[in-house]
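Participant: Please find upload11.tsv (TSV, C-alpha atoms) on the next line:
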chain	number	residue	atom	x	y	z
A	1	MET	CA	-20.98	-69.96	28.75
A	2	LYS	CA	-19.37	-71.66	31.69
A	3	THR	CA	-16.80	-69.63	33.58
A	4	LYS	CA	-14.01	-71.41	35.36
A	5	PRO	CA	-13.78	-70.95	39.11
A	6	LYS	CA	-11.45	-68.12	39.94
A	7	LYS	CA	-8.01	-69.34	40.84
A	8	PRO	CA	-4.65	-67.63	41.18
A	9	ALA	CA	-3.02	-66.72	37.88
A	10	ALA	CA	-0.33	-69.06	36.67
A	11	TRP	CA	2.79	-67.48	38.08
A	12	ARG	CA	5.40	-66.41	35.63
A	13	ARG	CA	8.19	-67.86	37.76
A	14	SER	CA	6.99	-68.68	41.29
A	15	PRO	CA	4.45	-67.37	43.84
A	16	CYS	CA	7.23	-65.47	45.68
A	17	PRO	CA	6.29	-61.82	46.32
A	18	VAL	CA	9.86	-60.73	45.56
A	19	ALA	CA	9.95	-62.61	42.22
A	20	ASN	CA	6.58	-61.21	41.16
A	21	THR	CA	7.48	-57.64	42.08
A	22	LEU	CA	10.72	-58.07	40.10
A	23	ASP	CA	8.66	-59.24	37.12
A	24	LEU	CA	6.91	-55.86	37.21
A	25	VAL	CA	9.69	-53.42	38.08
A	26	GLY	CA	12.92	-55.46	38.09
A	27	ASP	CA	14.82	-53.92	35.22
A	28	LYS	CA	17.22	-51.02	34.95
A	29	TRP	CA	14.69	-48.44	33.68
A	30	THR	CA	11.28	-48.86	35.32
A	31	LEU	CA	12.20	-47.53	38.76
A	32	LEU	CA	13.83	-44.49	37.17
A	33	ILE	CA	10.51	-43.66	35.50
A	34	ILE	CA	8.79	-44.10	38.88
A	35	ARG	CA	11.49	-41.90	40.50
A	36	ASP	CA	10.81	-39.14	37.96
A	37	MET	CA	7.05	-39.33	38.41
A	38	ALA	CA	7.49	-39.23	42.19
A	39	ARG	CA	9.40	-35.97	41.59
A	40	GLY	CA	6.50	-34.55	39.61
A	41	LYS	CA	7.38	-35.27	35.98
A	42	ARG	CA	4.19	-35.97	34.08
A	43	THR	CA	4.64	-35.82	30.32
A	44	TYR	CA	6.39	-38.13	27.89
A	45	GLY	CA	8.80	-35.32	27.01
A	46	GLU	CA	9.69	-34.63	30.63
A	47	LEU	CA	10.24	-38.32	31.30
A	48	ALA	CA	12.38	-38.72	28.17
A	49	ALA	CA	14.62	-35.79	29.20
A	50	SER	CA	16.14	-37.38	32.32
A	51	PRO	CA	19.94	-37.53	32.56
A	52	GLU	CA	20.07	-41.32	32.11
A	53	GLY	CA	18.84	-40.92	28.53
A	54	ILE	CA	16.17	-43.62	28.43
A	55	PRO	CA	15.62	-44.82	24.84
A	56	THR	CA	12.20	-43.59	23.74
A	57	ASN	CA	10.99	-47.01	22.61
A	58	ILE	CA	11.76	-48.38	26.08
A	59	LEU	CA	10.00	-45.44	27.75
A	60	ALA	CA	6.87	-45.99	25.64
A	61	GLU	CA	6.84	-49.73	26.31
A	62	ARG	CA	7.37	-49.32	30.06
A	63	LEU	CA	4.63	-46.68	30.36
A	64	ARG	CA	2.24	-49.03	28.59
A	65	ARG	CA	3.15	-51.93	30.90
A	66	LEU	CA	2.94	-49.78	34.03
A	67	GLU	CA	-0.49	-48.54	32.99
A	68	GLU	CA	-1.65	-52.14	32.38
A	69	ALA	CA	-0.37	-53.07	35.84
A	70	GLY	CA	-2.32	-50.22	37.45
A	71	ILE	CA	0.86	-48.52	38.65
A	72	VAL	CA	0.57	-45.51	36.35
A	73	GLU	CA	-2.53	-43.61	35.28
A	74	ARG	CA	-2.79	-41.83	31.97
A	75	ALA	CA	-5.05	-38.88	31.16
A	76	ALA	CA	-5.27	-36.63	28.12
A	77	TYR	CA	-4.34	-33.05	28.95
A	78	GLN	CA	-4.56	-31.68	25.41
A	79	GLU	CA	-6.56	-32.41	22.25
A	80	ARG	CA	-5.43	-32.09	18.58
A	81	PRO	CA	-2.93	-33.57	18.89
A	82	THR	CA	-3.87	-35.57	21.95
A	83	ARG	CA	-1.19	-35.48	24.61
A	84	TYR	CA	-1.16	-37.50	27.77
A	85	ALA	CA	-0.02	-36.89	31.31
A	86	TYR	CA	1.15	-39.82	33.40
A	87	THR	CA	0.81	-39.96	37.16
A	88	LEU	CA	1.37	-42.62	39.80
A	89	SER	CA	-1.69	-44.42	41.15
A	90	ALA	CA	-1.84	-45.25	44.87
A	91	LYS	CA	-0.25	-48.61	43.97
A	92	GLY	CA	2.51	-46.73	42.15
A	93	ARG	CA	3.08	-44.31	45.01
A	94	ASP	CA	3.61	-47.33	47.27
A	95	LEU	CA	6.74	-48.04	45.19
A	96	GLU	CA	8.33	-44.97	46.75
A	97	GLU	CA	9.30	-47.08	49.76
A	98	LEU	CA	11.14	-49.38	47.38
A	99	LEU	CA	12.84	-46.42	45.68
A	100	ALA	CA	13.88	-45.11	49.09
A	101	ALA	CA	15.54	-48.46	49.86
A	102	PHE	CA	17.50	-48.26	46.58
A	103	ARG	CA	18.51	-44.69	47.38
A	104	ARG	CA	19.68	-45.53	50.92
A	105	TRP	CA	21.71	-48.52	49.78
A	106	GLY	CA	23.34	-46.53	46.97
A	107	ARG	CA	24.23	-43.62	49.26
A	108	LYS	CA	25.75	-45.97	51.79
A	109	HIS	CA	27.70	-48.25	49.45
A	110	ILE	CA	28.52	-46.46	46.18
A	111	PRO	CA	31.06	-43.67	46.73
A	112	GLY	CA	30.28	-40.32	45.15
A	113	VAL	CA	26.65	-40.83	44.16
A	114	ARG	CA	24.48	-37.77	44.42
A	115	SER	CA	20.96	-36.79	43.59
A	116	TYR	CA	20.07	-34.67	40.58
A	117	ALA	CA	19.53	-31.64	42.83
A	118	GLU	CA	22.96	-32.10	44.39
A	119	ALA	CA	24.59	-32.57	40.98
A	120	VAL	CA	23.06	-29.28	39.76
A	121	ARG	CA	24.24	-27.45	42.89
A	122	SER	CA	27.79	-28.77	42.49
A	123	ARG	CA	28.01	-27.42	38.91
A	124	ARG	CA	27.03	-23.93	40.03
A	125	PRO	CA	30.08	-21.82	41.00
A	126	PRO	CA	30.12	-20.73	44.65
A	127	PRO	CA	29.15	-17.12	45.40
A	128	THR	CA	32.17	-14.80	45.09
A	129	THR	CA	31.50	-12.54	48.05
B	1	MET	CA	54.88	-43.38	36.65
B	2	LYS	CA	52.49	-40.55	37.21
B	3	THR	CA	49.15	-41.47	38.74
B	4	LYS	CA	46.13	-39.35	38.03
B	5	PRO	CA	44.46	-37.71	41.00
B	6	LYS	CA	41.62	-39.86	42.27
B	7	LYS	CA	38.28	-38.75	40.95
B	8	PRO	CA	34.84	-40.32	40.89
B	9	ALA	CA	34.44	-43.09	38.33
B	10	ALA	CA	32.68	-42.11	35.13
B	11	TRP	CA	29.08	-42.98	35.90
B	12	ARG	CA	27.47	-45.54	33.70
B	13	ARG	CA	24.28	-43.51	33.41
B	14	SER	CA	24.15	-40.71	36.00
B	15	PRO	CA	25.36	-40.05	39.57
B	16	CYS	CA	21.89	-40.90	40.95
B	17	PRO	CA	22.05	-43.42	43.82
B	18	VAL	CA	18.93	-45.18	42.51
B	19	ALA	CA	20.35	-45.53	38.97
B	20	ASN	CA	23.67	-46.86	40.24
B	21	THR	CA	22.05	-49.37	42.59
B	22	LEU	CA	19.88	-50.50	39.67
B	23	ASP	CA	23.04	-50.97	37.60
B	24	LEU	CA	24.21	-53.48	40.22
B	25	VAL	CA	21.04	-55.33	41.19
B	26	GLY	CA	18.31	-54.04	38.83
B	27	ASP	CA	17.47	-57.15	36.84
B	28	LYS	CA	15.02	-59.96	37.36
B	29	TRP	CA	17.50	-62.48	38.84
B	30	THR	CA	20.06	-60.81	41.09
B	31	LEU	CA	17.76	-60.08	44.02
B	32	LEU	CA	16.47	-63.67	43.93
B	33	ILE	CA	20.05	-64.88	44.43
B	34	ILE	CA	20.41	-62.40	47.32
B	35	ARG	CA	17.05	-63.62	48.73
B	36	ASP	CA	18.28	-67.23	48.65
B	37	MET	CA	21.60	-66.37	50.30
B	38	ALA	CA	19.75	-64.40	52.99
B	39	ARG	CA	17.81	-67.63	53.63
B	40	GLY	CA	21.06	-69.56	54.09
B	41	LYS	CA	21.71	-71.10	50.67
B	42	ARG	CA	25.44	-71.22	50.09
B	43	THR	CA	26.43	-73.48	47.24
B	44	TYR	CA	26.04	-73.18	43.49
B	45	GLY	CA	23.82	-76.27	43.51
B	46	GLU	CA	21.53	-74.90	46.22
B	47	LEU	CA	21.23	-71.57	44.42
B	48	ALA	CA	20.50	-73.27	41.08
B	49	ALA	CA	17.69	-75.36	42.65
B	50	SER	CA	15.31	-72.49	43.47
B	51	PRO	CA	11.75	-72.68	42.12
B	52	GLU	CA	12.30	-69.85	39.62
B	53	GLY	CA	14.73	-72.05	37.66
B	54	ILE	CA	17.53	-69.57	37.09
B	55	PRO	CA	19.54	-70.52	33.99
B	56	THR	CA	22.96	-71.74	35.17
B	57	ASN	CA	24.91	-69.41	32.87
B	58	ILE	CA	23.05	-66.44	34.38
B	59	LEU	CA	23.67	-67.71	37.92
B	60	ALA	CA	27.41	-68.07	37.25
B	61	GLU	CA	27.65	-64.62	35.66
B	62	ARG	CA	25.69	-62.90	38.45
B	63	LEU	CA	27.76	-64.57	41.17
B	64	ARG	CA	30.94	-63.35	39.47
B	65	ARG	CA	29.58	-59.79	39.20
B	66	LEU	CA	28.31	-59.77	42.79
B	67	GLU	CA	31.71	-60.97	44.01
B	68	GLU	CA	33.44	-58.22	41.99
B	69	ALA	CA	31.07	-55.67	43.52
B	70	GLY	CA	31.89	-56.87	47.05
B	71	ILE	CA	28.31	-57.97	47.68
B	72	VAL	CA	29.07	-61.69	47.78
B	73	GLU	CA	32.10	-63.47	49.23
B	74	ARG	CA	33.36	-66.77	47.89
B	75	ALA	CA	35.39	-69.34	49.81
B	76	ALA	CA	36.46	-72.86	48.91
B	77	TYR	CA	34.86	-75.43	51.18
B	78	GLN	CA	36.23	-78.52	49.42
B	79	GLU	CA	39.36	-79.47	47.42
B	80	ARG	CA	39.66	-81.91	44.47
B	81	PRO	CA	37.41	-80.86	42.94
B	82	THR	CA	37.39	-77.37	44.42
B	83	ARG	CA	33.93	-76.27	45.45
B	84	TYR	CA	32.94	-72.85	46.61
B	85	ALA	CA	30.47	-71.51	49.13
B	86	TYR	CA	28.96	-68.08	48.58
B	87	THR	CA	27.87	-65.79	51.40
B	88	LEU	CA	26.69	-62.21	51.66
B	89	SER	CA	29.20	-59.60	52.80
B	90	ALA	CA	28.04	-56.81	55.12
B	91	LYS	CA	27.33	-54.77	51.97
B	92	GLY	CA	25.26	-57.67	50.64
B	93	ARG	CA	23.35	-58.11	53.90
B	94	ASP	CA	22.38	-54.44	53.65
B	95	LEU	CA	20.38	-55.40	50.55
B	96	GLU	CA	17.95	-57.24	52.81
B	97	GLU	CA	16.19	-53.93	53.47
B	98	LEU	CA	15.67	-53.60	49.74
B	99	LEU	CA	14.40	-57.18	49.50
B	100	ALA	CA	12.00	-56.48	52.35
B	101	ALA	CA	10.59	-53.51	50.41
B	102	PHE	CA	10.00	-55.75	47.36
B	103	ARG	CA	8.34	-58.35	49.58
B	104	ARG	CA	6.04	-55.83	51.26
B	105	TRP	CA	4.97	-54.26	47.98
B	106	GLY	CA	4.30	-57.67	46.41
B	107	ARG	CA	2.26	-58.88	49.39
B	108	LYS	CA	0.19	-55.71	49.37
B	109	HIS	CA	-0.43	-55.39	45.62
B	110	ILE	CA	-0.15	-58.79	43.91
B	111	PRO	CA	-3.03	-61.08	44.92
B	112	GLY	CA	-2.12	-64.63	45.96
B	113	VAL	CA	1.63	-64.32	46.28
B	114	ARG	CA	3.17	-66.42	49.03
B	115	SER	CA	6.60	-67.25	50.28
B	116	TYR	CA	8.30	-70.56	49.58
B	117	ALA	CA	7.59	-71.72	53.16
B	118	GLU	CA	3.89	-70.90	52.75
B	119	ALA	CA	3.77	-72.64	49.35
B	120	VAL	CA	5.26	-75.80	50.88
B	121	ARG	CA	2.77	-75.71	53.77
B	122	SER	CA	-0.18	-75.31	51.40
B	123	ARG	CA	0.85	-78.43	49.44
B	124	ARG	CA	0.98	-80.55	52.60
B	125	PRO	CA	-2.40	-82.19	53.36
B	126	PRO	CA	-3.96	-81.03	56.63
B	127	PRO	CA	-3.75	-83.44	59.59
B	128	THR	CA	-6.65	-85.93	59.54
B	129	THR	CA	-7.37	-86.06	63.25
Could I get this structure in the form of structure tokens?

Facilitator:
Amino acid sequence: MKTKPKKPAAWRRSPCPVANTLDLVGDKWTLLIIRDMARGKRTYGELAASPEGIPTNILAERLRRLEEAGIVERAAYQERPTRYAYTLSAKGRDLEELLAAFRRWGRKHIPGVRSYAEAVRSRRPPPTT
Amino acid sequence: MKTKPKKPAAWRRSPCPVANTLDLVGDKWTLLIIRDMARGKRTYGELAASPEGIPTNILAERLRRLEEAGIVERAAYQERPTRYAYTLSAKGRDLEELLAAFRRWGRKHIPGVRSYAEAVRSRRPPPTT
């Protein structure tokens, strides 16, 4: 069987590095999953429980796509029933720079935003003494 | 008329700066429009002509949303018929850091990507002398 010489994949939209990165993570949910994994969430249940309320069908589809793209790694941590833990690969951890750019822009330009940790602190009443 | 005391807007999904920035620019087209404006494209026609082939209804809707969000500024540059030029505000120019993070990640992790300028150069035959 003759194999074709290796050539670049047909680009979905263009060869632009920005366009191709957007094709992988340019939607309103994917980077929130990456954010949660960067914070240490590992299981489907933990990822589904975030305050944004990701629909579970979207979570499942994104995890599958991220695994295919080599951004997320999946490993069974329990048998009968099998349960999986998801972690960021090195390629996925490199997205943290991108997340940090989103975070900086949001903090600078959207009044009142705050991280989950800050939101939890602000709901706790101040000490009375 | 009584006005309510000012309080933070009800968040679309959560107060997270990443989630709220995604709500503004987290889709597969918006950052390509920002990329083109950062390169100096200013008119609707120039923005519509990019290699990714943005559908014109999406371009019009995104420009309207970006103007509402204070990311893009619109000014008439011609009368009868009125034509508008679009430029990035200071808030919009701050998105260039975010674009740069997309570009770096794409160059590092997606084999073969290249910028528009590089793509044009590679189509030009080499000098024969």

Participant: Quick one: residues within 9 Å of Arg42 of chain B, only C-alpha atoms, excluding same-chain residues fewer than 3 positions away - as a PyMOL selection string?

Facilitator: chain B and resi 36-37+45-47+84-87

Participant: Pick from B:Lys41, B:Ala90, B:Trp11, B:Lys28: nearest to Gly112 of chain A, with all atoms listed in the file counted?

Facilitator: B:Trp11

Participant: With distances taken over only C-alpha atoms, which of A:Leu95, A:Val113, A:Ala101, A:Arg62 is nearest to Asp27 of chain A?

Facilitator: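 Looking at the shortest contact to Asp27 of chain A, the residue is A:Arg62.
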
Participant: Write out, as JSON lines, each residue of chain A that has an atom at most 6 Å from chain B, together with the closest pair of atoms and their distance in Å to one decimal, counting all atoms listed in the file, rows going by chain and rising number.

Facilitator:
{"residue": "A:Arg13", "atom": "CA", "partner": "B:Glu52", "partner_atom": "CA", "distance": 4.9}
{"residue": "A:Ser14", "atom": "CA", "partner": "B:Glu52", "partner_atom": "CA", "distance": 5.7}
{"residue": "A:Pro15", "atom": "CA", "partner": "B:Val113", "partner_atom": "CA", "distance": 4.8}
{"residue": "A:Cys16", "atom": "CA", "partner": "B:Ser115", "partner_atom": "CA", "distance": 5.0}
{"residue": "A:Pro17", "atom": "CA", "partner": "B:Gly106", "partner_atom": "CA", "distance": 4.6}
{"residue": "A:Val18", "atom": "CA", "partner": "B:Arg103", "partner_atom": "CA", "distance": 4.9}
{"residue": "A:Thr21", "atom": "CA", "partner": "B:Gly106", "partner_atom": "CA", "distance": 5.4}
{"residue": "A:Leu22", "atom": "CA", "partner": "B:Lys28", "partner_atom": "CA", "distance": 5.4}
{"residue": "A:Gly26", "atom": "CA", "partner": "B:Asp27", "partner_atom": "CA", "distance": 5.0}
{"residue": "A:Asp27", "atom": "CA", "partner": "B:Asp27", "partner_atom": "CA", "distance": 4.5}
{"residue": "A:Lys28", "atom": "CA", "partner": "B:Gly26", "partner_atom": "CA", "distance": 5.0}
{"residue": "A:Glu52", "atom": "CA", "partner": "B:Arg13", "partner_atom": "CA", "distance": 4.9}
{"residue": "A:Leu98", "atom": "CA", "partner": "B:Ala101", "partner_atom": "CA", "distance": 5.2}
{"residue": "A:Ala101", "atom": "CA", "partner": "B:Leu98", "partner_atom": "CA", "distance": 5.1}
{"residue": "A:Phe102", "atom": "CA", "partner": "B:Val18", "partner_atom": "CA", "distance": 5.3}
{"residue": "A:Arg103", "atom": "CA", "partner": "B:Val18", "partner_atom": "CA", "distance": 4.9}
{"residue": "A:Gly106", "atom": "CA", "partner": "B:Pro17", "partner_atom": "CA", "distance": 4.6}
{"residue": "A:Arg107", "atom": "CA", "partner": "B:Pro17", "partner_atom": "CA", "distance": 5.9}
{"residue": "A:Val113", "atom": "CA", "partner": "B:Pro15", "partner_atom": "CA", "distance": 4.8}
{"residue": "A:Arg114", "atom": "CA", "partner": "B:Cys16", "partner_atom": "CA", "distance": 5.3}
{"residue": "A:Ser115", "atom": "CA", "partner": "B:Cys16", "partner_atom": "CA", "distance": 5.0}

Participant: Quote the spacing between atom CA of Ala49 of chain B and atom CA of Pro81 of chain B in Å to one decimal place.

Facilitator: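 Taking atom CA of Ala49 of chain B as the start and atom CA of Pro81 of chain B as the end point, the length is 20.5 Å.
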
Participant: In Å, with one decimal, what is the gap from atom CA of Ala38 of chain A to atom CA of Ser122 of chain A?

Facilitator: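 Taking atom CA of Ala38 of chain A as the start and atom CA of Ser122 of chain A as the end point, the length is 22.8 Å.
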
Participant: Report, in Å to a single decimal, how far apart atom CA of Thr43 of chain B and atom CA of Arg121 of chain B are.

Facilitator: 24.6 Å
